[in-house]
Amino acid sequence: NFMSPEGAAKKSGADQEEVEVKMEKTEAEAAFPPTFSVSEIKNKQRRHLMFMKLKQEKRKQKIQLKKKKKKEREALGDKAPPKEVPKTIENQRVYDETTVDPEDEEVRFDEGTDEFSAYFNGLTNPKVLITTSDRPRGRTVKFCEQLATVIPNAHVYYRRGLALKRIIPQCIARNFTYLMVINEDRKVPNGLVLCHLPDGPTAHFKVSSVRLRKEMKRRGKDPTEHFPEVILNNFSTRLGHSIGRLFAALFPQDPQFVGRQVATFHNQRDFIFFRFHRYIFKNEKKVGIQELGPRFTLKLRSLQKGTFDSKFGEYEWVLKRHEMDACRRKFQL
Amino acid sequence: MQHDDVIWDIIGNTQFCSFKVKTKSQSFCRNEFNVTGLCNRSSCPLANSQYATVREDKGQCFLYMKVIERAAFPAKTWEKVKLSKNYEQALEQIDQNLLYWPRFIRHKCKQRFTKITQYLIRMRKLVLKRRRKLVPLSRKVERREKRKEEKALIAAQLDNAIEKELLERLKQGTYGDIYNFPVHAFDRALEQQEDEEEEEEEEEEEEEDVGQREYVEEELDESDLSDFEDMNKLRTSSDEEEEEEEEDEEDEEEEMEAETEAESKGRGSKGKSPANRSTPTRKKKRAFVEIEYEQETEPASKTRTT
């Protein structure tokens, strides 16, 4: 076997190292870390082997540690220290100073006098106009139709290349309260502009993961005409509150519990998940839900104060990726 | 004028011309001073010492003229004349400048000028219309967001959250009297009792009801079970408690007092009213039967039987 002296040295060195490792293993737990590191071995195969062995060793130690801890816990019984709560992103969330306190006077006053106050005081009934961008393709059209069944009092109109700025005054004249424009890209809906009509805020969302009704597993029959209930989860900051009210005002104020339908907007880490379910109470502790209706997720991209005006509008909030996505635990809604 | 034919012999047919673009049917000339854009003997700017074109720059049209007298000065060959913005006046300008020039060049210059004005008008109109703005997506960002969305979906545990919220609402009584589940009312009643010490009253009422008769049957458990099996699309954890609770609901309708709901649960008897027999068939046909309707019909029949 012809081997260069260095190769021979390394091999014997590796052998020696292997021997060392084995000896350390036989000594129960390693007393001190070996002075060599696996990455110094030049031979790839051996290096790989050594690395695998190292990993196995570490895994074993971890399991042993866990077992020990469990035994200790059981031994202590009631006196055991409480289980540590695992860190999640929600736990570690950076505290947002705009988080709304439920008893905040200022917030309550603002909400009493903002653009939705008419709706929340019961003066207006929601009437929604759903349209798309130019020349919508099949999926978008179906999505619009299904949305129209989910939202009571919604009308779908075909956009014939009309400018939004001209549509808006006409809508206001016909007493619409909401304008929803679904933007399409490559035959798939990917954006949503939600504009509260008489002069209200305009929100622009990115739409993703759209599932139409026929793609749902184990779904129920089509939604009926009853007004659904609305669930808004986790809208905690000031911005979240305004978006939550934006969604709430889409649906009529008095849900018909007879219909047993519920529309949910759940905010998690700045993604708003929309689901539409039919529920049934089996007893007071159990409820069964069955998903009907489309589902999609939204991510807020910008909130504008007046009606839709991309050039001259006054933006209340815009998603700035560099600032806002830098920290993993910081969320806006 | 002397070289023109020679030049055309060379570049036109036999040898190479760098401005020439050949296709199957026709050849084009890419020279920027060409009037027609085709590669012809009369349209070639290199092979004609007397030549004229119309070109536009930033919305302004100019007439370029080349004459043989300036053939020796390459930098000064093209004479540039600014044309008026008015269409007719510009046409007259072309005519005046190209007076006594060959008919072909005059005609082609005017045609080119017409085309240019037309496309300038169209450009101005388009700017006023709504333009579709194409926003580029960054693939890395999209991938990242997709992953974040998946993780957020898992963290959200939507079904649990929705169920919890619905149960909360039931507890708080937003549904009013539609669903009358005794245990829930029992809890509420319990809380009241702890505060007000109404236990004694309850015991008395329990004794009262001991005398009352109830029709207890156990056969209908299966039918009830099967009804719920039909609704197996709904996620169920266990069906054991259901029957008891159902029966308790029906019992409750008899006793319209809130406090007495406590004993009906306390009794825990498997009581079913005969009226329930009529409803199973209805339940099987429909997946979503409203429980409340059944309850409303039962008391009438119950009063008849009792």
# chains A, B, ... in the order shown; residues from 1 in each chain; ligands from 1

call {"tool": "closest_atom_pairs", "arguments": {"of": "segment 113-226 of chain A", "to": "segment 292-313 of chain A", "cutoff": "6 Å", "atoms": "only C-alpha atoms", "output": "CSV"}}
result
residue,atom,partner,partner_atom,distance
A:Asp199,CA,A:Thr307,CA,5.5
A:Gly200,CA,A:Gly306,CA,5.4
A:Pro201,CA,A:Lys305,CA,4.5
A:Thr202,CA,A:Gln304,CA,5.0
A:Ala203,CA,A:Leu303,CA,4.4
A:His204,CA,A:Ser302,CA,5.2
A:Phe205,CA,A:Leu300,CA,4.4
A:Lys206,CA,A:Lys299,CA,5.1
A:Val207,CA,A:Leu298,CA,4.8
A:Ser208,CA,A:Thr297,CA,5.3
A:Ser209,CA,A:Phe296,CA,5.4
A:Val210,CA,A:Phe296,CA,4.5
A:Arg211,CA,A:Arg295,CA,5.3
A:Leu212,CA,A:Pro294,CA,4.8
A:Arg213,CA,A:Pro294,CA,5.2
A:Arg219,CA,A:Leu292,CA,5.3
A:Gly220,CA,A:Leu292,CA,5.4

call {"tool": "closest_atom_pairs", "arguments": {"of": "chain A", "to": "chain B", "cutoff": "10 Å", "atoms": "only C-alpha atoms", "output": "tab-separated table"}}
result
residue	atom	partner	partner_atom	distance
A:Thr88	CA	B:Ala155	CA	9.0
A:Ile89	CA	B:Ala155	CA	9.1
A:Glu90	CA	B:Ala155	CA	8.8
A:Ser133	CA	B:Arg132	CA	9.6
A:Asp134	CA	B:Arg132	CA	9.2
A:Gly161	CA	B:Arg130	CA	8.5
A:Leu162	CA	B:Arg130	CA	8.5
A:Ala163	CA	B:Arg130	CA	6.6
A:Leu164	CA	B:Arg130	CA	9.3
A:Ser208	CA	B:Lys146	CA	8.5
A:Ser209	CA	B:Lys146	CA	9.2
A:Arg218	CA	B:Lys233	CA	6.6
A:Arg219	CA	B:Lys233	CA	8.0
A:Gly220	CA	B:Lys233	CA	8.1
A:Lys221	CA	B:Ala287	CA	9.4
A:Glu229	CA	B:Leu166	CA	9.9
A:Ile231	CA	B:Glu165	CA	7.7
A:Leu232	CA	B:Glu165	CA	9.6
A:Asn233	CA	B:Ala161	CA	8.4
A:Asn234	CA	B:Ala156	CA	10.0
A:Gln256	CA	B:Tyr175	CA	9.8
A:Phe257	CA	B:Tyr175	CA	7.1
A:Val258	CA	B:Glu290	CA	7.8
A:Gly259	CA	B:Glu290	CA	9.2
A:Arg260	CA	B:Glu290	CA	9.2
A:Val262	CA	B:Ile162	CA	9.0
A:Ala263	CA	B:Ile162	CA	9.6
A:Thr264	CA	B:Ile162	CA	7.5
A:Phe265	CA	B:Leu158	CA	9.8
A:His266	CA	B:Leu158	CA	7.5
A:Asn267	CA	B:Ala156	CA	8.1
A:Gln268	CA	B:Ala152	CA	5.8
A:Arg269	CA	B:Ala152	CA	6.1
A:Asp270	CA	B:Ala152	CA	8.6
A:Phe271	CA	B:Glu149	CA	6.7
A:Ile272	CA	B:Leu153	CA	9.5
A:Phe273	CA	B:Leu153	CA	7.9
A:Phe274	CA	B:Leu158	CA	9.7
A:Arg275	CA	B:Leu158	CA	8.6
A:His277	CA	B:Ile162	CA	9.1
A:Arg278	CA	B:Phe288	CA	9.4
A:Tyr279	CA	B:Leu234	CA	8.4
A:Ile280	CA	B:Phe288	CA	8.2
A:Phe281	CA	B:Tyr179	CA	8.1
A:Lys282	CA	B:Glu242	CA	6.7
A:Asn283	CA	B:Phe181	CA	6.4
A:Glu284	CA	B:Phe181	CA	5.8
A:Lys285	CA	B:Leu167	CA	6.9
A:Lys286	CA	B:Leu167	CA	7.6
A:Val287	CA	B:Glu163	CA	6.2
A:Gly288	CA	B:Leu234	CA	5.1
A:Ile289	CA	B:Leu234	CA	5.8
A:Gln290	CA	B:Leu234	CA	5.8
A:Glu291	CA	B:Leu234	CA	9.3
A:Thr297	CA	B:Glu149	CA	8.4
A:Leu298	CA	B:Glu149	CA	9.7
A:Lys299	CA	B:Glu149	CA	9.3
A:Arg321	CA	B:Val141	CA	9.3
A:Asp325	CA	B:Glu145	CA	10.0
A:Arg328	CA	B:Lys148	CA	9.9

call {"tool": "select_by_dssp", "arguments": {"residues": "segment 79-120 of chain A", "states": "helix (DSSP H, G or I)", "output": "list in words"}}
result
Lys79, Glu105, Glu106, Val107, Arg108, Phe109, Asp110, Glu111, Gly112, Thr113, Ser117, Ala118, Tyr119 and Phe120 of chain A

call {"tool": "residues_around", "arguments": {"residues": "Ile168 of chain A", "least_positions_apart": "4", "cutoff": "8 Å", "atoms": "only C-alpha atoms", "output": "list in words"}}
result
Leu164, Ile172, Leu179 and Leu197 of chain A

call {"tool": "decode", "arguments": {"residues": "segment 110-121 of chain A", "atoms": "N, CA, C and O atoms", "output": "PDB file, in the first residue's frame"}}
result
ATOM      1  N   ASP A 110     -61.857  57.798  19.922  1.00  0.00           N
ATOM      2  CA  ASP A 110     -61.524  57.739  18.496  1.00  0.00           C
ATOM      3  C   ASP A 110     -62.472  56.824  17.761  1.00  0.00           C
ATOM      4  O   ASP A 110     -62.962  57.153  16.680  1.00  0.00           O
ATOM      5  N   GLU A 111     -62.705  55.679  18.363  1.00  0.00           N
ATOM      6  CA  GLU A 111     -63.551  54.727  17.655  1.00  0.00           C
ATOM      7  C   GLU A 111     -64.992  55.176  17.634  1.00  0.00           C
ATOM      8  O   GLU A 111     -65.767  54.738  16.800  1.00  0.00           O
ATOM      9  N   GLY A 112     -65.334  56.016  18.589  1.00  0.00           N
ATOM     10  CA  GLY A 112     -66.700  56.518  18.546  1.00  0.00           C
ATOM     11  C   GLY A 112     -66.917  57.519  17.438  1.00  0.00           C
ATOM     12  O   GLY A 112     -68.037  57.726  16.999  1.00  0.00           O
ATOM     13  N   THR A 113     -65.842  58.138  16.983  1.00  0.00           N
ATOM     14  CA  THR A 113     -66.022  59.211  16.021  1.00  0.00           C
ATOM     15  C   THR A 113     -65.330  58.945  14.694  1.00  0.00           C
ATOM     16  O   THR A 113     -65.227  59.831  13.886  1.00  0.00           O
ATOM     17  N   ASP A 114     -64.872  57.730  14.465  1.00  0.00           N
ATOM     18  CA  ASP A 114     -64.162  57.548  13.205  1.00  0.00           C
ATOM     19  C   ASP A 114     -65.148  57.198  12.098  1.00  0.00           C
ATOM     20  O   ASP A 114     -66.354  57.297  12.278  1.00  0.00           O
ATOM     21  N   GLU A 115     -64.609  56.762  10.976  1.00  0.00           N
ATOM     22  CA  GLU A 115     -65.477  56.577   9.826  1.00  0.00           C
ATOM     23  C   GLU A 115     -66.422  55.409   9.994  1.00  0.00           C
ATOM     24  O   GLU A 115     -67.379  55.280   9.234  1.00  0.00           O
ATOM     25  N   PHE A 116     -66.159  54.531  10.953  1.00  0.00           N
ATOM     26  CA  PHE A 116     -67.051  53.400  11.106  1.00  0.00           C
ATOM     27  C   PHE A 116     -68.135  53.650  12.128  1.00  0.00           C
ATOM     28  O   PHE A 116     -68.936  52.784  12.396  1.00  0.00           O
ATOM     29  N   SER A 117     -68.101  54.814  12.720  1.00  0.00           N
ATOM     30  CA  SER A 117     -69.064  55.046  13.789  1.00  0.00           C
ATOM     31  C   SER A 117     -70.483  54.956  13.260  1.00  0.00           C
ATOM     32  O   SER A 117     -71.372  54.474  13.955  1.00  0.00           O
ATOM     33  N   ALA A 118     -70.673  55.373  12.027  1.00  0.00           N
ATOM     34  CA  ALA A 118     -72.029  55.275  11.468  1.00  0.00           C
ATOM     35  C   ALA A 118     -72.482  53.834  11.443  1.00  0.00           C
ATOM     36  O   ALA A 118     -73.598  53.503  11.812  1.00  0.00           O
ATOM     37  N   TYR A 119     -71.583  52.955  11.062  1.00  0.00           N
ATOM     38  CA  TYR A 119     -71.963  51.552  11.005  1.00  0.00           C
ATOM     39  C   TYR A 119     -72.206  51.008  12.393  1.00  0.00           C
ATOM     40  O   TYR A 119     -73.184  50.329  12.663  1.00  0.00           O
ATOM     41  N   PHE A 120     -71.285  51.305  13.298  1.00  0.00           N
ATOM     42  CA  PHE A 120     -71.401  50.691  14.610  1.00  0.00           C
ATOM     43  C   PHE A 120     -72.550  51.274  15.414  1.00  0.00           C
ATOM     44  O   PHE A 120     -72.989  50.671  16.388  1.00  0.00           O
ATOM     45  N   ASN A 121     -73.003  52.449  15.027  1.00  0.00           N
ATOM     46  CA  ASN A 121     -74.189  52.974  15.706  1.00  0.00           C
ATOM     47  C   ASN A 121     -75.464  52.515  15.030  1.00  0.00           C
ATOM     48  O   ASN A 121     -76.543  52.951  15.408  1.00  0.00           O
TER      49      ASN A 121
END
